[in-house]
Amino acid sequence: TPLYSSAASDVYKRQTMVAGSSVSAIHLELRDRFGNRVMTGVNGPNAQIRIKRDVSDAAVGANSVLTGTQIAALNQGRASFSSLSLGGTVGTVYQFEVVAPSLGIISPATPAVALTPASPVGLRIVNQPQATNSGAVFSPSARPVVEAIDAYGNRVTDPVANAVVSISPNSGPSAATLTSAEAAFVSGLATFDSLVVKGVVGTNYQLTIAAGGLPAVTTSSFQLNPGAPARLSLST
């Protein structure tokens, strides 16, 4: 006695949705091997929807977050799931299946669901600043880079306010100065390719990066090397 969901018909097609948004309603029927609906009464066995699982009973697709009412009693052989939301990783293919534990049966899987990024909720450092000369531009491999991310860790490519960097108040002497301390986001990444830090050699500096109303992030520590020669100093 298999479970059949509307996902197997023209009613339910592959869909692309924003991570964390509502899933199109999924309806199912309990049928016999001839395709006839099995009448279960008003309060029949429970059916539970879940992310499709593999042979080891692990969910297929990383970091899935399924919320909403996931258990429904079969009513005359039918059940619906219409209040679900799905979050997860962009680029991962997710599918649903429905299981009726007391009957020991599982439905066919739905067509795939693909996710796009949700709204940005934070920043993540992609490249930490490395040692550089005082008063000089960071080399490409040493310059700080941040990305805007949604609640599921996906990079958000929608426009975000420019990222602004400052010396972390808990590191380095107050005499340190920054120039070109602002960077625009391009495809979700903000690269400080013109940033210059002028300060004291051998000091552990950290940078704090903020963008709009998103929570700021702080880099790991880095030190400055002596800058280009600028003057002679005499002593007696």
# chains A, B, ... in the order shown; residues from 1 in each chain; ligands from 1
>>> residues_around(residues="Val197 of chain A", least_positions_apart="6", cutoff="8 Å", atoms="only C-alpha atoms", output="number ranges by chain")
A: 134-137, 176-179
>>> residues_around(residues="Ala211 of chain A", least_positions_apart="6", cutoff="10 Å", atoms="only C-alpha atoms", output="ChimeraX atom specification")
/A:122-123,146,148,160-165,182-185,190,217
>>> write_last_selection(atoms="N, CA and C atoms", output="PDB file, in the first residue's frame")
ATOM      1  N   GLY A 122      24.485  39.156   8.158  1.00  0.00           N
ATOM      2  CA  GLY A 122      25.798  39.282   8.782  1.00  0.00           C
ATOM      3  C   GLY A 122      26.910  39.339   7.759  1.00  0.00           C
ATOM      4  N   LEU A 123      28.120  39.452   8.265  1.00  0.00           N
ATOM      5  CA  LEU A 123      29.337  39.471   7.452  1.00  0.00           C
ATOM      6  C   LEU A 123      30.212  38.289   7.834  1.00  0.00           C
ATOM      7  N   VAL A 146      35.658  40.575   2.862  1.00  0.00           N
ATOM      8  CA  VAL A 146      34.491  40.081   3.598  1.00  0.00           C
ATOM      9  C   VAL A 146      33.365  39.796   2.609  1.00  0.00           C
ATOM     10  N   ALA A 148      28.901  39.262   2.464  1.00  0.00           N
ATOM     11  CA  ALA A 148      27.610  39.365   3.145  1.00  0.00           C
ATOM     12  C   ALA A 148      26.931  38.008   3.064  1.00  0.00           C
ATOM     13  N   VAL A 160      24.414  45.682  -0.966  1.00  0.00           N
ATOM     14  CA  VAL A 160      24.613  45.895   0.469  1.00  0.00           C
ATOM     15  C   VAL A 160      25.389  47.200   0.624  1.00  0.00           C
ATOM     16  N   ALA A 161      25.128  47.943   1.693  1.00  0.00           N
ATOM     17  CA  ALA A 161      25.875  49.173   1.951  1.00  0.00           C
ATOM     18  C   ALA A 161      27.369  48.889   1.988  1.00  0.00           C
ATOM     19  N   ASN A 162      28.171  49.872   1.594  1.00  0.00           N
ATOM     20  CA  ASN A 162      29.620  49.693   1.560  1.00  0.00           C
ATOM     21  C   ASN A 162      30.170  49.225   2.899  1.00  0.00           C
ATOM     22  N   ALA A 163      31.203  48.398   2.828  1.00  0.00           N
ATOM     23  CA  ALA A 163      31.894  47.946   4.035  1.00  0.00           C
ATOM     24  C   ALA A 163      32.925  48.998   4.444  1.00  0.00           C
ATOM     25  N   VAL A 164      33.007  49.247   5.745  1.00  0.00           N
ATOM     26  CA  VAL A 164      33.935  50.239   6.286  1.00  0.00           C
ATOM     27  C   VAL A 164      34.797  49.565   7.345  1.00  0.00           C
ATOM     28  N   VAL A 165      36.100  49.792   7.290  1.00  0.00           N
ATOM     29  CA  VAL A 165      37.032  49.163   8.219  1.00  0.00           C
ATOM     30  C   VAL A 165      37.614  50.207   9.168  1.00  0.00           C
ATOM     31  N   GLU A 182      37.160  52.117   2.916  1.00  0.00           N
ATOM     32  CA  GLU A 182      35.810  51.756   2.511  1.00  0.00           C
ATOM     33  C   GLU A 182      35.868  50.965   1.214  1.00  0.00           C
ATOM     34  N   ALA A 183      34.991  49.946   1.113  1.00  0.00           N
ATOM     35  CA  ALA A 183      34.978  49.104  -0.086  1.00  0.00           C
ATOM     36  C   ALA A 183      33.542  48.741  -0.432  1.00  0.00           C
ATOM     37  N   ALA A 184      33.223  48.758  -1.717  1.00  0.00           N
ATOM     38  CA  ALA A 184      31.892  48.378  -2.182  1.00  0.00           C
ATOM     39  C   ALA A 184      31.810  46.859  -2.353  1.00  0.00           C
ATOM     40  N   PHE A 185      30.606  46.332  -2.177  1.00  0.00           N
ATOM     41  CA  PHE A 185      30.380  44.911  -2.415  1.00  0.00           C
ATOM     42  C   PHE A 185      30.159  44.677  -3.910  1.00  0.00           C
ATOM     43  N   ALA A 190      33.342  42.229  -0.601  1.00  0.00           N
ATOM     44  CA  ALA A 190      33.965  43.552  -0.464  1.00  0.00           C
ATOM     45  C   ALA A 190      35.458  43.344  -0.228  1.00  0.00           C
ATOM     46  N   VAL A 217      32.353  42.521  12.182  1.00  0.00           N
ATOM     47  CA  VAL A 217      33.246  41.387  12.416  1.00  0.00           C
ATOM     48  C   VAL A 217      34.660  41.918  12.647  1.00  0.00           C
TER      49      VAL A 217
END
>>> closest_residue(among="A:Pro120, A:His27, A:Ala142, A:Ser64", to="Ser107 of chain A", atoms="only C-alpha atoms")
A:His27
>>> residues_around(residues="Val186 of chain A", least_positions_apart="4", cutoff="9 Å", atoms="only C-alpha atoms", output="count of residues only")
4
>>> atom_distance(atom1="atom CA of Ala112 of chain A", atom2="atom CA of Phe96 of chain A")
8.1 Å
>>> residues_around(residues="Asn154 of chain A", least_positions_apart="4", cutoff="7 Å", atoms="only C-alpha atoms", output="PyMOL selection string")
chain A and resi 89-90+117+149-150
>>> atom_distance(atom1="atom CA of Leu103 of chain A", atom2="atom CA of Ala25 of chain A")
23.1 Å
>>> closest_residue(among="A:Arg31, A:Arg37, A:Arg143, A:Lys198", to="Ile106 of chain A", atoms="only C-alpha atoms")
A:Arg31
>>> atom_distance(atom1="atom CA of Ile209 of chain A", atom2="atom CA of Pro144 of chain A")
9.4 Å
>>> select_by_dssp(residues="segment 43-232 of chain A", states="strand (DSSP E)", output="PyMOL selection string")
chain A and resi 46-51+65-67+71-73+78-81+85-87+96-100+105-106+113-116+122-127+132-133+145-149+163-167+177-179+182-183+185-186+189-191+196-198+207-211+214-218+224-225
>>> closest_residue(among="A:Tyr152, A:Tyr205, A:Phe192, A:Phe34", to="Phe222 of chain A", atoms="only C-alpha atoms")
A:Tyr205
>>> residues_around(residues="Asn63 of chain A", least_positions_apart="2", cutoff="7 Å", atoms="only C-alpha atoms", output="PyMOL selection string")
chain A and resi 61+65+88-89
>>> write_last_selection(atoms="C-alpha atoms", output="tab-separated table (two decimals), in the first residue's frame")
chain	number	residue	atom	x	y	z
A	61	GLY	CA	21.55	17.60	1.03
A	65	VAL	CA	16.43	23.41	7.93
A	88	GLY	CA	19.70	25.47	3.51
A	89	THR	CA	22.72	25.85	1.25
>>> closest_residue(among="A:Leu189, A:Ile26, A:Met39, A:Ile167", to="Gln76 of chain A", atoms="only C-alpha atoms")
A:Met39
>>> closest_residue(among="A:Val113, A:Glu97, A:Asn36, A:Gln48", to="Val18 of chain A", atoms="only C-alpha atoms")
A:Val113
>>> closest_residue(among="A:Asn133, A:Ser80, A:Asn127, A:Ser139", to="Gly199 of chain A", atoms="only C-alpha atoms")
A:Asn133
>>> residues_around(residues="Gln206 of chain A", least_positions_apart="2", cutoff="7 Å", atoms="only C-alpha atoms", output="list of chain:residue names")
A:Ile167, A:Ser168, A:Ser171, A:Asn204, A:Thr208, A:Thr218, A:Thr219, A:Ser220, A:Ser221, A:Phe222
>>> write_last_selection(atoms="N, CA and C atoms", output="short mmCIF file (atom, residue, chain, number, x, y, z; two decimals), in the first residue's frame")
data_model
loop_
_atom_site.label_atom_id
_atom_site.label_comp_id
_atom_site.auth_asym_id
_atom_site.auth_seq_id
_atom_site.Cartn_x
_atom_site.Cartn_y
_atom_site.Cartn_z
N ILE A 167 40.37 50.45 12.94
CA ILE A 167 41.23 49.72 13.87
C ILE A 167 40.39 49.28 15.06
N SER A 168 40.46 48.01 15.40
CA SER A 168 39.72 47.52 16.56
C SER A 168 40.17 48.27 17.80
N SER A 171 42.95 46.85 20.08
CA SER A 171 44.27 46.47 19.57
C SER A 171 45.01 47.69 19.07
N ASN A 204 50.49 44.23 17.41
CA ASN A 204 49.42 43.36 16.92
C ASN A 204 48.15 44.20 16.69
N THR A 208 38.23 46.05 12.50
CA THR A 208 36.80 45.81 12.65
C THR A 208 36.12 46.28 11.37
N THR A 218 35.45 41.15 13.38
CA THR A 218 36.82 41.55 13.70
C THR A 218 37.80 40.54 13.13
N THR A 219 38.84 41.03 12.51
CA THR A 219 39.83 40.15 11.88
C THR A 219 40.77 39.56 12.93
N SER A 220 41.59 38.64 12.47
CA SER A 220 42.68 38.15 13.30
C SER A 220 43.77 39.22 13.36
N SER A 221 44.75 39.01 14.22
CA SER A 221 45.82 40.00 14.39
C SER A 221 46.84 39.94 13.26
N PHE A 222 47.42 41.08 12.96
CA PHE A 222 48.51 41.16 12.00
C PHE A 222 49.47 42.25 12.47
#
